[in-house]
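*Asks:* What follows is entry-v3.cif, mmCIF, C-alpha atoms.
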```cif
data_target
loop_
_atom_site.label_atom_id
_atom_site.label_comp_id
_atom_site.auth_asym_id
_atom_site.auth_seq_id
_atom_site.Cartn_x
_atom_site.Cartn_y
_atom_site.Cartn_z
CA MET A 1 13.86 29.32 15.58
CA GLU A 2 16.51 31.63 17.03
CA HIS A 3 15.38 34.50 19.22
CA THR A 4 15.96 37.87 17.56
CA GLU A 5 16.94 40.75 19.78
CA VAL A 6 14.90 43.81 18.83
CA LEU A 7 15.29 47.24 20.36
CA VAL A 8 11.97 49.01 20.74
CA HIS A 9 10.40 51.83 22.65
CA PRO A 10 7.23 50.35 24.13
CA VAL A 11 5.67 53.75 24.75
CA GLU A 12 6.17 55.34 21.34
CA ARG A 13 5.99 52.13 19.23
CA PRO A 14 3.75 49.62 21.00
CA MET A 15 2.94 47.70 17.80
CA ASP A 16 6.60 46.75 17.36
CA MET A 17 6.06 44.20 20.11
CA VAL A 18 4.29 41.93 17.61
CA ALA A 19 7.62 41.19 15.91
CA GLY A 20 10.17 38.87 17.49
CA ASN A 21 10.28 37.25 20.91
CA VAL A 22 11.32 40.51 22.51
CA VAL A 23 13.05 40.28 25.86
CA GLY A 24 14.70 43.71 25.90
CA ARG A 25 18.33 44.51 26.62
CA VAL A 26 19.82 46.00 29.75
CA VAL A 27 22.31 48.81 29.06
CA ASP A 28 24.24 50.31 32.00
CA GLY A 29 21.70 48.87 34.41
CA VAL A 30 18.71 50.35 32.59
CA ALA A 31 16.54 48.31 30.23
CA ASP A 32 16.05 49.65 26.71
CA GLY A 33 12.76 51.46 26.65
CA ALA A 34 12.30 51.20 30.41
CA GLY A 35 12.38 53.99 32.89
CA HIS A 36 13.70 52.13 35.92
CA PRO A 37 17.09 50.50 36.48
CA GLY A 38 17.15 46.70 36.12
CA GLU A 39 13.75 46.43 34.39
CA THR A 40 13.40 44.42 31.17
CA THR A 41 10.68 44.39 28.56
CA PRO A 42 8.53 41.29 29.18
CA PRO A 43 8.41 38.72 26.37
CA ASP A 44 5.34 38.57 24.18
CA PRO A 45 3.73 35.14 24.87
CA LEU A 46 2.03 35.11 21.46
CA THR A 47 5.22 35.51 19.42
CA ARG A 48 5.89 31.80 19.06
CA LEU A 49 2.28 31.23 17.96
CA ARG A 50 2.53 33.87 15.24
CA ALA A 51 5.83 32.45 14.03
CA ALA A 52 4.44 28.91 13.94
CA ALA A 53 1.34 30.07 12.07
CA GLU A 54 3.48 31.83 9.49
CA ALA A 55 5.61 28.70 9.05
CA ARG A 56 2.48 26.61 8.51
CA ARG A 57 1.15 29.04 5.91
CA ALA A 58 4.50 29.04 4.10
CA ALA A 59 4.41 25.23 3.97
CA GLY A 60 0.86 25.15 2.60
CA LEU A 61 -0.49 23.84 5.91
CA GLY A 62 -2.58 26.80 7.04
CA ARG A 63 -6.20 26.07 7.86
CA ALA A 64 -9.34 28.14 8.09
CA LEU A 65 -12.94 27.61 9.13
CA ARG A 66 -15.33 28.04 6.21
CA PRO A 67 -18.96 28.14 7.34
CA ARG A 68 -21.27 26.41 4.87
CA THR A 69 -24.93 26.83 4.12
CA PRO A 70 -27.47 24.00 4.66
CA ASP A 71 -27.10 22.93 1.01
CA HIS A 72 -23.27 22.92 1.06
CA ASP A 73 -23.25 26.23 -0.82
CA GLY A 74 -24.91 24.51 -3.76
CA GLN A 75 -22.04 22.06 -4.13
CA LEU A 76 -22.23 18.29 -4.33
CA ASP A 77 -21.06 16.95 -0.97
CA LEU A 78 -18.21 14.49 -1.36
CA ALA A 79 -16.38 15.54 1.81
CA SER A 80 -18.66 14.74 4.75
CA ASN A 81 -18.95 11.38 6.53
CA ASP A 82 -22.71 11.14 5.89
CA TYR A 83 -22.19 7.74 4.28
CA LEU A 84 -25.82 6.65 4.17
CA GLY A 85 -27.22 10.13 3.45
CA LEU A 86 -29.23 10.12 6.67
CA SER A 87 -28.23 13.40 8.29
CA ARG A 88 -31.00 15.31 6.46
CA ASP A 89 -33.51 12.43 6.46
CA GLU A 90 -36.87 13.69 7.71
CA ARG A 91 -37.26 10.67 9.98
CA LEU A 92 -34.10 11.61 11.88
CA VAL A 93 -35.01 15.29 11.93
CA GLU A 94 -38.48 14.62 13.30
CA ALA A 95 -37.13 12.23 15.94
CA ALA A 96 -34.64 14.88 17.07
CA VAL A 97 -37.35 17.57 17.17
CA ARG A 98 -39.69 15.40 19.24
CA ALA A 99 -36.89 14.61 21.69
CA ALA A 100 -35.93 18.27 22.01
CA ARG A 101 -39.53 19.18 22.79
CA ALA A 102 -39.83 16.42 25.37
CA TRP A 103 -36.41 16.67 27.01
CA GLY A 104 -35.13 20.15 26.18
CA THR A 105 -32.04 21.11 24.23
CA GLY A 106 -29.40 19.42 26.37
CA SER A 107 -28.91 16.51 28.73
CA THR A 108 -28.31 18.98 31.65
CA GLY A 109 -25.44 17.09 33.28
CA SER A 110 -22.95 14.27 33.25
CA ARG A 111 -24.19 10.75 32.63
CA LEU A 112 -23.74 9.90 36.33
CA VAL A 113 -25.82 12.85 37.53
CA THR A 114 -28.74 13.97 35.31
CA GLY A 115 -27.34 13.25 31.85
CA THR A 116 -28.75 9.74 31.42
CA THR A 117 -32.27 9.62 30.02
CA THR A 118 -34.42 6.72 28.93
CA LEU A 119 -33.37 7.60 25.37
CA HIS A 120 -29.74 6.92 26.31
CA ALA A 121 -30.69 3.57 27.79
CA ASP A 122 -32.72 2.69 24.68
CA LEU A 123 -29.86 3.70 22.39
CA GLU A 124 -27.36 1.60 24.33
CA ASP A 125 -29.67 -1.40 24.11
CA ARG A 126 -30.16 -0.92 20.36
CA LEU A 127 -26.46 -0.50 19.67
CA ARG A 128 -25.69 -3.59 21.71
CA GLY A 129 -28.22 -5.62 19.76
CA PHE A 130 -27.20 -4.25 16.35
CA THR A 131 -23.49 -5.00 16.77
CA GLY A 132 -23.84 -8.21 18.79
CA ALA A 133 -21.98 -6.78 21.79
CA ALA A 134 -22.76 -7.64 25.41
CA ARG A 135 -23.04 -4.04 26.65
CA ALA A 136 -22.91 -0.49 25.34
CA LEU A 137 -22.02 2.88 26.85
CA VAL A 138 -22.91 6.12 25.03
CA PHE A 139 -20.62 9.17 25.02
CA SER A 140 -21.11 12.70 23.71
CA SER A 141 -18.65 12.04 20.86
CA GLY A 142 -16.73 9.23 19.25
CA TYR A 143 -13.53 11.09 20.09
CA LEU A 144 -14.29 10.90 23.80
CA ALA A 145 -15.28 7.25 23.52
CA ASN A 146 -11.81 6.51 22.15
CA LEU A 147 -10.08 8.66 24.75
CA ALA A 148 -11.90 6.94 27.59
CA ALA A 149 -11.47 3.41 26.30
CA VAL A 150 -7.78 3.59 25.42
CA ALA A 151 -6.68 5.74 28.37
CA THR A 152 -8.58 3.66 30.92
CA LEU A 153 -7.98 0.16 29.60
CA GLY A 154 -4.37 0.81 28.66
CA ALA A 155 -3.31 2.54 31.89
CA GLY A 156 -0.28 0.96 33.51
CA GLY A 157 0.25 -1.59 30.76
CA LEU A 158 1.37 -1.85 27.15
CA VAL A 159 -0.63 -0.32 24.30
CA VAL A 160 0.19 -1.56 20.79
CA SER A 161 -1.08 0.97 18.25
CA ASP A 162 -1.16 0.84 14.45
CA ALA A 163 0.81 3.66 12.79
CA GLY A 164 -2.27 4.61 10.75
CA ASN A 165 -4.63 5.02 13.71
CA HIS A 166 -6.89 8.05 14.11
CA ALA A 167 -5.76 10.98 16.26
CA SER A 168 -8.34 10.16 18.94
CA LEU A 169 -6.76 6.74 19.45
CA ILE A 170 -3.30 8.29 19.50
CA ASP A 171 -4.40 10.84 22.09
CA GLY A 172 -5.90 8.02 24.16
CA CYS A 173 -2.50 6.30 24.06
CA ARG A 174 -0.83 9.46 25.33
CA LEU A 175 -3.35 9.94 28.12
CA SER A 176 -2.99 6.32 29.25
CA ARG A 177 0.61 6.93 30.35
CA ALA A 178 1.20 3.37 29.28
CA ARG A 179 4.20 2.18 27.35
CA VAL A 180 3.13 2.58 23.72
CA ALA A 181 4.50 0.47 20.88
CA VAL A 182 3.61 1.91 17.47
CA THR A 183 3.66 -0.84 14.85
CA PRO A 184 3.80 -0.47 11.05
CA HIS A 185 0.45 -0.23 9.30
CA LYS A 186 -1.45 -3.56 9.42
CA ASP A 187 1.69 -5.48 10.43
CA VAL A 188 0.37 -8.40 12.47
CA ASP A 189 3.85 -9.90 13.00
CA ALA A 190 5.02 -6.62 14.54
CA VAL A 191 2.05 -6.69 16.92
CA ASP A 192 2.88 -10.28 17.84
CA LYS A 193 6.48 -9.37 18.61
CA ALA A 194 5.49 -6.33 20.67
CA LEU A 195 3.14 -8.43 22.80
CA ALA A 196 5.59 -11.32 23.16
CA GLY A 197 8.34 -9.06 24.45
CA ARG A 198 6.30 -7.16 27.02
CA ALA A 199 7.07 -7.03 30.72
CA GLU A 200 3.74 -5.40 31.59
CA GLU A 201 1.01 -7.49 33.17
CA HIS A 202 -1.70 -6.41 30.74
CA ALA A 203 -1.82 -5.15 27.17
CA LEU A 204 -4.20 -3.50 24.74
CA VAL A 205 -4.01 -3.73 20.94
CA VAL A 206 -5.57 -0.69 19.24
CA THR A 207 -6.61 -0.35 15.60
CA ASP A 208 -9.07 1.36 13.32
CA ALA A 209 -11.38 -1.07 11.54
CA VAL A 210 -11.46 1.03 8.37
CA PHE A 211 -8.66 3.58 8.39
CA SER A 212 -9.97 7.09 8.07
CA VAL A 213 -7.74 8.29 5.21
CA GLU A 214 -6.40 5.15 3.53
CA GLY A 215 -9.85 3.57 3.47
CA ASP A 216 -8.44 0.05 3.93
CA LEU A 217 -9.56 -2.64 6.36
CA ALA A 218 -7.54 -3.88 9.33
CA PRO A 219 -6.75 -7.63 9.52
CA LEU A 220 -9.10 -8.10 12.46
CA ARG A 221 -9.18 -11.90 12.63
CA GLU A 222 -5.37 -12.10 12.64
CA LEU A 223 -5.02 -9.32 15.19
CA HIS A 224 -7.58 -11.00 17.41
CA GLU A 225 -5.77 -14.34 17.25
CA VAL A 226 -2.53 -12.66 18.31
CA ALA A 227 -4.24 -10.68 21.08
CA VAL A 228 -5.93 -13.78 22.52
CA ARG A 229 -2.70 -15.78 22.41
CA HIS A 230 -0.96 -13.11 24.48
CA GLY A 231 -3.84 -12.40 26.85
CA ALA A 232 -4.49 -8.90 25.49
CA LEU A 233 -7.64 -6.94 24.71
CA LEU A 234 -8.27 -5.87 21.12
CA LEU A 235 -9.86 -2.43 20.71
CA VAL A 236 -11.35 -1.71 17.28
CA ASP A 237 -12.54 1.75 16.25
CA GLU A 238 -15.53 1.21 13.96
CA ALA A 239 -16.06 4.90 13.17
CA HIS A 240 -15.84 4.38 9.40
CA SER A 241 -17.28 0.86 9.26
CA LEU A 242 -20.45 0.89 11.37
CA GLY A 243 -23.38 1.18 8.99
CA VAL A 244 -21.19 0.50 5.94
CA VAL A 245 -19.22 -2.75 6.39
CA GLY A 246 -20.96 -6.10 6.56
CA GLU A 247 -24.07 -7.43 4.90
CA ARG A 248 -26.37 -5.29 7.06
CA GLY A 249 -23.87 -2.62 8.05
CA GLN A 250 -23.25 -4.16 11.47
CA GLY A 251 -19.56 -3.34 11.28
CA ALA A 252 -16.21 -4.95 10.56
CA VAL A 253 -16.01 -6.80 13.87
CA HIS A 254 -19.36 -8.45 13.20
CA ALA A 255 -18.33 -9.26 9.61
CA ALA A 256 -15.12 -10.86 10.90
CA GLY A 257 -17.12 -13.19 13.15
CA LEU A 258 -15.86 -11.55 16.35
CA ALA A 259 -19.10 -9.96 17.58
CA GLY A 260 -19.61 -10.42 21.30
CA HIS A 261 -16.18 -11.89 21.97
CA PRO A 262 -15.22 -10.83 25.52
CA SER A 263 -11.68 -9.81 24.51
CA VAL A 264 -12.91 -7.39 21.82
CA VAL A 265 -13.78 -3.76 22.58
CA ILE A 266 -15.56 -1.74 19.91
CA THR A 267 -15.76 2.04 19.73
CA VAL A 268 -18.17 3.76 17.35
CA THR A 269 -19.33 7.19 16.37
CA LEU A 270 -22.94 8.13 15.72
CA SER A 271 -21.95 11.10 13.54
CA LYS A 272 -21.03 9.30 10.32
CA ALA A 273 -23.23 6.57 8.82
CA LEU A 274 -25.92 7.13 11.48
CA GLY A 275 -26.17 10.84 10.64
CA SER A 276 -26.37 12.04 14.24
CA GLN A 277 -23.84 12.99 16.94
CA GLY A 278 -22.10 11.10 19.73
CA GLY A 279 -20.18 7.88 20.26
CA ALA A 280 -20.23 4.62 22.18
CA VAL A 281 -18.10 1.82 23.56
CA LEU A 282 -19.42 -1.71 23.02
CA ALA A 283 -17.80 -4.42 25.10
CA ALA A 284 -18.03 -7.00 27.86
CA PRO A 285 -19.77 -5.94 31.10
CA GLU A 286 -16.43 -5.74 32.92
CA VAL A 287 -15.16 -3.18 30.41
CA VAL A 288 -18.27 -1.00 30.56
CA ASP A 289 -18.34 -1.12 34.37
CA THR A 290 -14.69 -0.03 34.45
CA LEU A 291 -15.39 2.94 32.17
CA VAL A 292 -18.35 4.03 34.30
CA ASP A 293 -16.27 3.81 37.47
CA ALA A 294 -12.92 5.11 36.23
CA GLY A 295 -13.19 6.55 32.72
CA ARG A 296 -12.48 10.25 33.18
CA ALA A 297 -13.72 11.16 29.70
CA PHE A 298 -17.03 9.55 30.65
CA ILE A 299 -17.38 10.64 34.28
CA PHE A 300 -16.63 14.32 33.76
CA ASP A 301 -18.34 14.96 30.43
CA THR A 302 -21.86 16.24 29.90
CA GLY A 303 -24.08 13.54 28.45
CA LEU A 304 -25.13 13.35 24.82
CA ALA A 305 -28.08 15.63 23.98
CA PRO A 306 -31.37 13.67 23.94
CA SER A 307 -32.13 14.92 20.43
CA SER A 308 -28.94 13.31 19.13
CA ALA A 309 -29.77 10.05 20.90
CA ALA A 310 -33.23 10.05 19.31
CA ALA A 311 -31.79 10.75 15.84
CA ALA A 312 -29.34 7.85 16.21
CA LEU A 313 -32.20 5.55 17.25
CA ALA A 314 -34.15 6.58 14.15
CA ALA A 315 -31.08 5.90 11.99
CA LEU A 316 -30.73 2.41 13.43
CA ASP A 317 -34.39 1.79 12.55
CA ILE A 318 -33.76 2.84 8.96
CA VAL A 319 -30.61 0.75 8.59
CA SER A 320 -32.42 -2.28 10.01
CA ASP A 321 -35.40 -1.76 7.69
CA HIS A 322 -33.23 -1.05 4.61
CA PRO A 323 -30.29 -3.47 4.70
CA ASP A 324 -29.42 -2.51 1.12
CA LEU A 325 -28.09 0.92 2.19
CA PRO A 326 -24.60 -0.23 3.31
CA GLY A 327 -24.12 -2.09 0.02
CA GLN A 328 -25.13 0.98 -1.95
CA ALA A 329 -22.51 3.09 -0.18
CA ARG A 330 -19.82 0.48 -0.86
CA ARG A 331 -20.82 0.14 -4.53
CA HIS A 332 -20.61 3.88 -5.03
CA ALA A 333 -17.18 3.90 -3.37
CA SER A 334 -16.03 1.22 -5.83
CA LEU A 335 -17.33 3.31 -8.74
CA LEU A 336 -15.42 6.34 -7.44
CA ALA A 337 -12.23 4.30 -7.05
CA ARG A 338 -12.60 2.98 -10.60
CA ALA A 339 -13.09 6.52 -11.90
CA VAL A 340 -9.90 7.59 -10.12
CA GLU A 341 -7.94 4.66 -11.54
CA ASP A 342 -9.30 5.16 -15.07
CA ARG A 343 -7.80 8.65 -15.09
CA GLY A 344 -4.33 7.46 -14.14
CA LEU A 345 -4.50 8.75 -10.58
CA PRO A 346 -3.40 6.64 -7.59
CA ALA A 347 -6.29 4.43 -6.51
CA THR A 348 -6.95 1.83 -3.84
CA THR A 349 -9.75 -0.66 -3.44
CA PRO A 350 -12.04 0.81 -0.76
CA ALA A 351 -13.16 -1.38 2.14
CA ALA A 352 -16.01 0.98 2.99
CA ALA A 353 -16.92 4.47 1.74
CA VAL A 354 -13.55 6.28 1.91
CA VAL A 355 -11.69 6.79 -1.39
CA PRO A 356 -8.32 8.57 -1.12
CA VAL A 357 -6.58 10.23 -4.08
CA VAL A 358 -2.95 10.69 -3.04
CA LEU A 359 -1.35 13.68 -4.76
CA GLY A 360 1.86 14.24 -2.77
CA PRO A 361 2.64 17.81 -1.67
CA PRO A 362 0.07 19.97 0.15
CA GLU A 363 -0.11 22.41 -2.76
CA ALA A 364 -1.22 19.63 -5.12
CA ALA A 365 -4.02 18.58 -2.79
CA LEU A 366 -5.15 22.18 -2.33
CA GLY A 367 -5.11 22.71 -6.10
CA ALA A 368 -7.15 19.56 -6.68
CA ALA A 369 -9.71 20.61 -4.08
CA ALA A 370 -10.01 23.96 -5.86
CA VAL A 371 -10.57 22.16 -9.18
CA PHE A 372 -13.33 20.08 -7.59
CA ALA A 373 -14.93 23.26 -6.23
CA GLU A 374 -14.88 24.79 -9.71
CA HIS A 375 -16.85 21.75 -10.86
CA GLY A 376 -19.37 22.21 -8.06
CA VAL A 377 -18.04 19.43 -5.81
CA ARG A 378 -16.87 19.77 -2.22
CA ALA A 379 -14.05 17.28 -1.60
CA GLY A 380 -12.00 16.65 1.51
CA CYS A 381 -8.41 17.93 1.40
CA PHE A 382 -6.04 16.19 3.82
CA ARG A 383 -2.55 17.54 4.56
CA PRO A 384 -0.05 17.00 7.39
CA PRO A 385 -0.54 16.44 10.27
CA SER A 386 -3.70 14.61 9.17
CA VAL A 387 -1.52 12.52 6.84
CA PRO A 388 2.27 11.88 6.76
CA PRO A 389 4.45 14.32 4.78
CA GLY A 390 4.36 13.62 1.06
CA LEU A 391 0.94 11.95 1.20
CA SER A 392 -1.41 14.91 0.96
CA CYS A 393 -4.59 13.82 -0.76
CA LEU A 394 -8.17 14.37 -1.68
CA ARG A 395 -10.42 12.17 0.43
CA LEU A 396 -13.61 11.41 -1.42
CA THR A 397 -16.44 9.91 0.61
CA ALA A 398 -19.13 7.93 -1.13
CA ARG A 399 -22.76 8.04 -0.05
CA ALA A 400 -25.58 5.59 -0.54
CA ASN A 401 -27.71 8.31 -2.14
CA LEU A 402 -25.34 9.44 -4.91
CA GLY A 403 -27.03 9.45 -8.31
CA SER A 404 -25.72 8.84 -11.83
CA ASP A 405 -25.66 12.59 -12.52
CA ASP A 406 -23.55 13.08 -9.38
CA LEU A 407 -21.08 10.43 -10.50
CA ALA A 408 -20.81 12.10 -13.92
CA VAL A 409 -19.94 15.46 -12.34
CA ILE A 410 -17.34 13.79 -10.13
CA GLY A 411 -15.85 12.09 -13.20
CA ARG A 412 -15.39 15.43 -14.93
CA ALA A 413 -13.71 16.88 -11.85
CA LEU A 414 -11.34 13.91 -11.66
CA THR A 415 -10.45 14.36 -15.32
CA ALA A 416 -9.54 17.98 -14.66
CA VAL A 417 -7.39 16.96 -11.66
CA ALA A 418 -5.60 14.34 -13.76
CA GLU A 419 -4.87 16.98 -16.41
CA MET A 420 -3.65 19.38 -13.76
CA LYS A 421 -1.28 16.74 -12.38
CA VAL A 422 0.13 16.02 -15.85
CA ASN A 423 0.76 19.73 -16.46
CA VAL A 424 2.53 20.32 -13.13
#
```
Will you turn the file into structure tokens for me?
*Replies:*
Amino acid sequence: MEHTEVLVHPVERPMDMVAGNVVGRVVDGVADGAGHPGETTPPDPLTRLRAAAEARRAAGLGRALRPRTPDHDGQLDLASNDYLGLSRDERLVEAAVRAARAWGTGSTGSRLVTGTTTLHADLEDRLRGFTGAARALVFSSGYLANLAAVATLGAGGLVVSDAGNHASLIDGCRLSRARVAVTPHKDVDAVDKALAGRAEEHALVVTDAVFSVEGDLAPLRELHEVAVRHGALLLVDEAHSLGVVGERGQGAVHAAGLAGHPSVVITVTLSKALGSQGGAVLAAPEVVDTLVDAGRAFIFDTGLAPSSAAAALAALDIVSDHPDLPGQARRHASLLARAVEDRGLPATTPAAAVVPVVLGPPEAALGAAAVFAEHGVRAGCFRPPSVPPGLSCLRLTARANLGSDDLAVIGRALTAVAEMKVNV
């Protein structure tokens, strides 16, 4: 945007400084509005932020925080990542309460100082056993687990990243300062070519297991074969697959027969299917030791709160005792996808619990979300930069505990969206 020269008097009209990137103009050695020769009006450092915000609003890309009540304002929740419906389960709540009473409200320090409790050690052992990994390392969020793993393991080498990867993986690529090759979505041949042509000594292939908006599954076996052939590590983000994919919800890596393979690194979040908070890296001992020694996002972060660790442990107990839960979430996702398709809206076959409804421009997605709200349903609304331009969508997330009445309400909302799209 071009800078606009604006003449103002900062004493008499101070509010005029909110308009334009004002730098002032010197006339005959005296700045406009200044009392001393050679002085200029300093630029307003917030001008560019206001202009950018206005441009986003004009493009339908403005965002706002909307605090909700405990019951989602009385709406049916189809927007959260609570895939197994465990976040309000009394067993998780009670486990978190007991841990808070025993340990206090926070971990009190980084994992390497005072932030590792016996709960953290227990959780790492349980995650390792559940996924079939050799070792586990718990972080305060899945985002930080991805940052640490990609930035540390990719440093100084080549990182090959799927174009559909989550922002946390992309940010890890940036922080690694590695050479990054972005390959087309799920294009194994492109990954093969990127690895074959590298000059770097080591390489890291990075992919989501289930992609967070598209809801499709990465070709993990094929990617692993290519990575092994080229001596690379394969990092798989299981944020949307742990607890949902596989016969017992043990994740896409486990379902692909790759659990425990030393060249596979898994990252997970505890805040989706497990209904808690936090993240983890699951990998060979050499990988975990490297992250403890050199992973900045691990070393310098305060440890996960003990109450969150206890809630995640309780969730793992429930998933182990009720292996039908992952299948219920997937079945409900299939029913949602069929309902979308039956109404003539774009539909894909979900690999887990994510069901996107691509509507095109941001205004269409916002309008559809408003229609869902009118029907008493809270749906996710994804617009750039969360998705590429032209692919704004509703993202519906299935849960294991959806009932037939819930599905009927969702069907009516989808019908209204389909009618809205026809009338546009």
*Asks:* Quick one: apply the PyMOL selection byres ((chain A and resi 373) around 12) to the file and drop the selected residues here as a PyMOL selection string.
*Replies:* chain A and resi 72-79+366-372+374-381+409-410+412-414+416-417
*Asks:* For Arg98 (chain A), which residue out of A:Arg56, A:Ala255, A:Ala314, A:Gly360 is the nearest one, using all atoms listed in the file?
*Replies:*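 Distance minimum relative to Arg98 (chain A) lands on A:Ala314.
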*Asks:* What does the distance between CA of Ser308 (chain A) and CA of Val287 (chain A) come to in Å, to one decimal place?
*Replies:* 24.3 Å
*Asks:* Run the PyMOL selection byres ((chain A and resi 336) around 12) on the file and write out the hits as a ChimeraX atom specification.
*Replies:* /A:78,329-335,337-343,345,347-350,352-357,395-399,402,404,406-414
*Asks:* Gly279 (chain A): which residues within 9 Å, counting all atoms listed in the file, same-chain residues fewer than 6 positions away excluded, as JSON, numbers by chain?
*Replies:* {"A": [137, 138, 139, 140, 141, 142, 143, 144, 145, 146, 239, 267, 268, 269, 270, 271, 304]}
*Asks:* Ranking A:Val213, A:Leu92, A:Val188, A:Leu84 by minimum distance to Pro384 (chain A) and counting only C-alpha atoms, which one comes first?
*Replies:*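 Counting only C-alpha atoms, the residue closest to Pro384 (chain A) is A:Val213.
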*Asks:* Since the input is missing atoms for region 319-325 of chain A, could you rebuild it with all heavy atoms and give the result as an mmCIF file, in the frame of the given file?
*Replies:*
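Contents of result-v3.cif, freshly written:
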```cif
data_model
loop_
_atom_site.group_PDB
_atom_site.id
_atom_site.type_symbol
_atom_site.label_atom_id
_atom_site.label_comp_id
_atom_site.auth_asym_id
_atom_site.auth_seq_id
_atom_site.Cartn_x
_atom_site.Cartn_y
_atom_site.Cartn_z
ATOM 1 N N VAL A 319 -31.603 1.722 9.056
ATOM 2 C CA VAL A 319 -30.610 0.750 8.590
ATOM 3 C C VAL A 319 -31.139 -0.674 8.733
ATOM 4 O O VAL A 319 -30.913 -1.530 7.866
ATOM 5 C CB VAL A 319 -29.286 0.930 9.357
ATOM 6 C CG1 VAL A 319 -28.280 -0.140 8.962
ATOM 7 C CG2 VAL A 319 -28.694 2.315 9.077
ATOM 8 N N SER A 320 -31.845 -0.944 9.816
ATOM 9 C CA SER A 320 -32.420 -2.280 10.010
ATOM 10 C C SER A 320 -33.502 -2.579 8.985
ATOM 11 O O SER A 320 -33.612 -3.710 8.493
ATOM 12 C CB SER A 320 -32.990 -2.391 11.427
ATOM 13 O OG SER A 320 -31.974 -2.257 12.410
ATOM 14 N N ASP A 321 -34.305 -1.565 8.636
ATOM 15 C CA ASP A 321 -35.400 -1.760 7.690
ATOM 16 C C ASP A 321 -34.937 -1.743 6.234
ATOM 17 O O ASP A 321 -35.662 -2.223 5.351
ATOM 18 C CB ASP A 321 -36.464 -0.674 7.885
ATOM 19 C CG ASP A 321 -37.183 -0.792 9.221
ATOM 20 O OD1 ASP A 321 -37.134 -1.880 9.823
ATOM 21 O OD2 ASP A 321 -37.779 0.223 9.660
ATOM 22 N N HIS A 322 -33.755 -1.170 5.983
ATOM 23 C CA HIS A 322 -33.230 -1.050 4.610
ATOM 24 C C HIS A 322 -31.800 -1.586 4.565
ATOM 25 O O HIS A 322 -30.838 -0.821 4.420
ATOM 26 C CB HIS A 322 -33.284 0.404 4.145
ATOM 27 C CG HIS A 322 -34.659 0.988 4.135
ATOM 28 N ND1 HIS A 322 -35.545 0.806 3.098
ATOM 29 C CD2 HIS A 322 -35.319 1.735 5.070
ATOM 30 C CE1 HIS A 322 -36.682 1.428 3.362
ATOM 31 N NE2 HIS A 322 -36.573 2.007 4.549
ATOM 32 N N PRO A 323 -31.637 -2.889 4.653
ATOM 33 C CA PRO A 323 -30.290 -3.470 4.700
ATOM 34 C C PRO A 323 -29.496 -3.301 3.417
ATOM 35 O O PRO A 323 -28.309 -3.648 3.378
ATOM 36 C CB PRO A 323 -30.573 -4.958 4.978
ATOM 37 C CG PRO A 323 -31.960 -5.193 4.503
ATOM 38 C CD PRO A 323 -32.697 -3.910 4.755
ATOM 39 N N ASP A 324 -30.136 -2.762 2.370
ATOM 40 C CA ASP A 324 -29.420 -2.510 1.120
ATOM 41 C C ASP A 324 -28.569 -1.249 1.182
ATOM 42 O O ASP A 324 -27.663 -1.067 0.351
ATOM 43 C CB ASP A 324 -30.412 -2.385 -0.036
ATOM 44 C CG ASP A 324 -31.455 -1.290 0.213
ATOM 45 O OD1 ASP A 324 -31.977 -1.216 1.351
ATOM 46 O OD2 ASP A 324 -31.741 -0.518 -0.718
ATOM 47 N N LEU A 325 -28.809 -0.359 2.140
ATOM 48 C CA LEU A 325 -28.090 0.920 2.190
ATOM 49 C C LEU A 325 -26.579 0.759 2.315
ATOM 50 O O LEU A 325 -25.824 1.419 1.587
ATOM 51 C CB LEU A 325 -28.626 1.785 3.340
ATOM 52 C CG LEU A 325 -29.971 2.478 3.114
ATOM 53 C CD1 LEU A 325 -30.417 3.201 4.379
ATOM 54 C CD2 LEU A 325 -29.880 3.452 1.947
#
```
